[in-house]
Each structure stands twice: as structure tokens, then as C-alpha cells.
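K.L.:
Here you go, one structure.
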Amino acid sequence: MVYRHEWKHLINLSDHIVLRERLSAVMQPDPHAVNGKYDIRSLYFDNLADKALREKLDGISRREKFRIRYYNGDTSLIHLEKKSKIAGLGTKQKVLLSKHEAQAIVNGDHSWMQQSPDPLIIELYSKLLSQQLKPKSIVDYTREAFLFHAGNVRVTIDYNIRTGLWCTDFLNPGCITIPARDAPIILEVKWDAFLPDIVRDLVQLHGRSPCAFSKYASCRTYG
């Protein structure tokens with residue numbers, strides 16, 4: 001399991017325009033992109049004590065969260081993902097779910113999961129029971145992403161963050177989302193062992209320092 005470094009910066013629209021021009025001149029576009037961007041819908045899990053939310057807000061060094069995600073409205077390709085953080089380094093595990101399996105989890109039907117051969121599905125199943133995890137919040141946003149081979153670098157610009165309020169039926173196109181209050185534009189830089197100087201220079205912006213930000217936490221402002 002590879003743990004990656006990560007920087008996050010809160011930026012404005014002017015920064016966004018400058019970075020898009022810089023990054024597109026040097027880095028490769030993400031293959032998920034359509035006309036340079038793509039839309040992401042995620043469903044995050046938490047329990048009644050808001051374990052995942054509290055651990056993020058409290059800055060717990062070792063933490064994890066589960067989500068289900070698809071891109072550009074295409075429900076034929078859905079991933080169950082587990083994001084883990086240890087001392088500021090992050091990693092992600094994922095496995096494909098069928099539309100039927102994803103909807104079953106949303107509906108609270110977990111019986112099929114205990115028969116799964118995939119360890120990540122088994123782990124989520126055990127934590128749905130032991131930690132009482134439940135679907136908690138839909139998070140929608142638009143992403144522009146750029147790749148750089150050396151260092152396995154990925155730079156993303158996320159914006160138009162929206163929350164599903166209390167609707168968790170994330171496969172339902174009629175589930176309305178609204179803009180998350182005061183949500184900024186987020187620049188994220190992720191890399192493995194080293195960050196090439198050329199990329200480090202590209203993402204430098206005057207007055208922007210690395211900070212902590214969670215789209216899930218921002219969307220949970222509403223419930």
C-alpha cells in the first residue's frame with residue numbers, strides 16, 4: 001500500500017484561471033476529463049456520533065472514511081473507496097460495485113456483502129455493523145485534473161461543491177443538490193516519493209499556503 005503526500009490550497013477564480021493555463025502547458029490531462037473537466041458524485045458514510053467528521057475536524061492523525069463514487073453521471077462504473085490518513089500521508093483503496101450492489105448498500109441491504117470475495121467490501125460490511133456506519137451525505141463537484149509522470153504527480157482543481165442535504169439516494173438523478181455554503185475552489189497536489197521542481201514551481205501562488213480542507217465536512221454544514 002503506497003501512502004502519498006498531499007498539499008491543499010484554497011484559491012480564488014483568478015488563481016484558477018492562471019493555474020489552468022500553467023498546468024495545461026506542461027502536464028497531461030486526466031483521462032476522465034471531457035472538455036478538460038468532469039463531474040464527481042460521492043456518497044460518504046458516517047455513524048450517529050459523526051466519527052469520520054469529528055476525526056477530520058479534530059485533526060486526528062490516523063483516520064479513515066468510506067465513500068461510493070461515480071463520474072459524469074455514468075452509473076455503469078461505480079467504485080467503493082476507502083481513504084486513509086496517517087501523519088499527513090494518504091492512501092486510497094477501491095473496488096468496483098455494480099449498480100445493484102451500490103443501491104443495495106444505500107437501501108441498507110448488507111446481506112450480500114458477507115459473501116463477497118473482496119476484502120474491502122468485507123471491511124465495509126464489518127464496519128456497517130460494528131461502527132453503525134450509514135450513508136450520510138452526497139457531495140457533488142466539478143474537477144479539472146492534470147498528471148505528471150515523474151513522481152506520479154496529480155494536480156486537481158475542484159469547484160462547484162454541492163451537498164445533497166439529507167438525500168442519500170445518490171443513484172437517483174432526481175436527488176437535488178445545492179451549493180455548499182462558502183465553499184472555495186480547492187487546489188490539491190498529490191505525489192509519491194518526490195515532487196518535481198517543475199510542478200512545485202507551477203503550483204506556487206502568492207499568499208497561498210497549504211491548509212486542511214474537507215469537501216465532506218463542508219457539505220455536512222447542512223446536516
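All residue names refer to the C-alpha cells as shown: chains lettered A, B, ... in order, residues numbered from 1 in each chain, ligands numbered from 1 in order.
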Excluding stretch 7-21 of chain A and its own-chain neighbours fewer than 4 positions away, which residues fall within 10 Å of it when counting only C-alpha atoms? Please give them as a ChimeraX atom specification.
P.N.:
/A:25-26,36,88-89,144-146,155-159,183-191,202-214
K.L.:
Any idea what's packed within 10 Å of A:Val153, counting only C-alpha atoms, ignoring anything in its chain fewer than 5 positions away? Could you give it as a VMD selection string?
P.N.:
chain A and resid 4 to 6 27 146 to 148 189 to 196 199
K.L.:
For A:Ala49, which residue out of A:Ile122, A:Leu133, A:Ile176, A:Cys219 is the nearest one, using only C-alpha atoms?
P.N.:
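Of all the options, A:Leu133 lies closest to A:Ala49.
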K.L.:
Which residue is closest to A:Val106? Choose from A:Lys83, A:Arg22, A:Lys134, A:Lys215 and count only C-alpha atoms.
P.N.:
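Of A:Lys83, A:Arg22, A:Lys134, A:Lys215, the one nearest A:Val106 is A:Lys134, counting only C-alpha atoms.
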K.L.:
Need the shell around A:Ile86: protein/DNA/RNA residues with any atom at most 8 Å away, counting only C-alpha atoms. Skip same-chain ones fewer than 2 positions apart. Format as number ranges by chain?
P.N.:
A: 61-63, 84, 88-90
K.L.:
Take the selection from the previous step and output its residues with C-alpha atoms, as a tab-separated table (two decimals), in the first residue's frame.
P.N.:
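Result file is selection.tsv:
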```tsv
chain	number	residue	atom	x	y	z
A	61	SER	CA	-3.53	11.82	12.74
A	62	ARG	CA	-4.77	8.32	11.90
A	63	ARG	CA	-8.22	8.25	10.33
A	84	SER	CA	-6.87	6.50	4.95
A	88	GLY	CA	-0.47	13.61	6.89
A	89	LEU	CA	0.16	10.89	4.30
A	90	GLY	CA	-2.78	9.42	2.43
```
K.L.:
I'd like to know which residues of stretch 80-176 of chain A are alpha helix (DSSP H) (by DSSP, run on the backbone); could you write them as a PyMOL selection string?
P.N.:
chain A and resi 99-106+119-130
K.L.:
Convert the current residue selection to file output with N, CA and C atoms, as a PDB file, in the first residue's frame.
P.N.:
```
ATOM      1  N   LYS A  99     -24.249  -1.450 -10.147  1.00  0.00           N
ATOM      2  CA  LYS A  99     -25.301  -0.502  -9.772  1.00  0.00           C
ATOM      3  C   LYS A  99     -26.243  -1.128  -8.750  1.00  0.00           C
ATOM      4  N   HIS A 100     -26.530  -2.408  -8.925  1.00  0.00           N
ATOM      5  CA  HIS A 100     -27.406  -3.119  -7.987  1.00  0.00           C
ATOM      6  C   HIS A 100     -26.771  -3.190  -6.597  1.00  0.00           C
ATOM      7  N   GLU A 101     -25.464  -3.485  -6.540  1.00  0.00           N
ATOM      8  CA  GLU A 101     -24.785  -3.565  -5.245  1.00  0.00           C
ATOM      9  C   GLU A 101     -24.740  -2.214  -4.540  1.00  0.00           C
ATOM     10  N   ALA A 102     -24.448  -1.166  -5.318  1.00  0.00           N
ATOM     11  CA  ALA A 102     -24.404   0.171  -4.718  1.00  0.00           C
ATOM     12  C   ALA A 102     -25.768   0.575  -4.178  1.00  0.00           C
ATOM     13  N   GLN A 103     -26.818   0.301  -4.952  1.00  0.00           N
ATOM     14  CA  GLN A 103     -28.161   0.668  -4.498  1.00  0.00           C
ATOM     15  C   GLN A 103     -28.552  -0.139  -3.266  1.00  0.00           C
ATOM     16  N   ALA A 104     -28.124  -1.408  -3.212  1.00  0.00           N
ATOM     17  CA  ALA A 104     -28.426  -2.232  -2.049  1.00  0.00           C
ATOM     18  C   ALA A 104     -27.805  -1.642  -0.782  1.00  0.00           C
ATOM     19  N   ILE A 105     -26.557  -1.162  -0.878  1.00  0.00           N
ATOM     20  CA  ILE A 105     -25.909  -0.545   0.280  1.00  0.00           C
ATOM     21  C   ILE A 105     -26.672   0.704   0.706  1.00  0.00           C
ATOM     22  N   VAL A 106     -27.072   1.520  -0.255  1.00  0.00           N
ATOM     23  CA  VAL A 106     -27.836   2.730   0.048  1.00  0.00           C
ATOM     24  C   VAL A 106     -29.145   2.374   0.741  1.00  0.00           C
ATOM     25  N   PRO A 119     -11.846  -8.050  -0.049  1.00  0.00           N
ATOM     26  CA  PRO A 119     -11.618  -7.660   1.357  1.00  0.00           C
ATOM     27  C   PRO A 119     -12.140  -6.266   1.697  1.00  0.00           C
ATOM     28  N   LEU A 120     -12.181  -5.343   0.734  1.00  0.00           N
ATOM     29  CA  LEU A 120     -12.673  -4.002   1.044  1.00  0.00           C
ATOM     30  C   LEU A 120     -14.183  -4.018   1.291  1.00  0.00           C
ATOM     31  N   ILE A 121     -14.909  -4.790   0.510  1.00  0.00           N
ATOM     32  CA  ILE A 121     -16.346  -4.926   0.736  1.00  0.00           C
ATOM     33  C   ILE A 121     -16.610  -5.592   2.078  1.00  0.00           C
ATOM     34  N   ILE A 122     -15.814  -6.603   2.410  1.00  0.00           N
ATOM     35  CA  ILE A 122     -15.950  -7.268   3.707  1.00  0.00           C
ATOM     36  C   ILE A 122     -15.656  -6.291   4.839  1.00  0.00           C
ATOM     37  N   GLU A 123     -14.641  -5.448   4.663  1.00  0.00           N
ATOM     38  CA  GLU A 123     -14.310  -4.481   5.708  1.00  0.00           C
ATOM     39  C   GLU A 123     -15.439  -3.479   5.910  1.00  0.00           C
ATOM     40  N   LEU A 124     -15.992  -2.965   4.814  1.00  0.00           N
ATOM     41  CA  LEU A 124     -17.114  -2.035   4.966  1.00  0.00           C
ATOM     42  C   LEU A 124     -18.288  -2.742   5.640  1.00  0.00           C
ATOM     43  N   TYR A 125     -18.564  -3.954   5.243  1.00  0.00           N
ATOM     44  CA  TYR A 125     -19.658  -4.718   5.865  1.00  0.00           C
ATOM     45  C   TYR A 125     -19.466  -4.824   7.375  1.00  0.00           C
ATOM     46  N   SER A 126     -18.243  -5.152   7.793  1.00  0.00           N
ATOM     47  CA  SER A 126     -17.986  -5.307   9.232  1.00  0.00           C
ATOM     48  C   SER A 126     -18.168  -3.984   9.968  1.00  0.00           C
ATOM     49  N   LYS A 127     -17.825  -2.863   9.311  1.00  0.00           N
ATOM     50  CA  LYS A 127     -17.929  -1.557   9.977  1.00  0.00           C
ATOM     51  C   LYS A 127     -19.337  -0.973   9.884  1.00  0.00           C
ATOM     52  N   LEU A 128     -20.103  -1.398   8.891  1.00  0.00           N
ATOM     53  CA  LEU A 128     -21.521  -1.059   8.892  1.00  0.00           C
ATOM     54  C   LEU A 128     -22.198  -1.650  10.124  1.00  0.00           C
ATOM     55  N   LEU A 129     -21.711  -2.820  10.536  1.00  0.00           N
ATOM     56  CA  LEU A 129     -22.276  -3.479  11.714  1.00  0.00           C
ATOM     57  C   LEU A 129     -21.642  -2.984  13.008  1.00  0.00           C
ATOM     58  N   SER A 130     -20.292  -3.005  13.081  1.00  0.00           N
ATOM     59  CA  SER A 130     -19.621  -2.712  14.347  1.00  0.00           C
ATOM     60  C   SER A 130     -19.614  -1.235  14.703  1.00  0.00           C
TER      61      SER A 130
END
```
K.L.:
Give me every strand (DSSP E or B) residue in stretch 27-134 of chain A, going by DSSP on the backbone, as a PyMOL selection string.
P.N.:
chain A and resi 28-29+34+37-46+62-71+74-86+89-97+134
K.L.:
I'd like the contact shell of A:Met1 - 9 Å cut-off, only C-alpha atoms, skipping same-chain residues fewer than 6 positions apart - returned as a CSV table (one decimal) with N, CA and C atoms, in the first residue's frame.
P.N.:
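The resulting file, out31.csv, is shown below:
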```
chain,number,residue,atom,x,y,z
A,91,THR,N,-3.6,7.4,1.5
A,91,THR,CA,-3.7,6.3,0.5
A,91,THR,C,-5.2,6.0,0.3
A,92,LYS,N,-5.4,5.3,-0.8
A,92,LYS,CA,-6.8,5.0,-1.2
A,92,LYS,C,-6.9,3.6,-1.8
A,93,GLN,N,-7.9,2.9,-1.3
A,93,GLN,CA,-8.2,1.5,-1.8
A,93,GLN,C,-9.6,1.6,-2.4
```
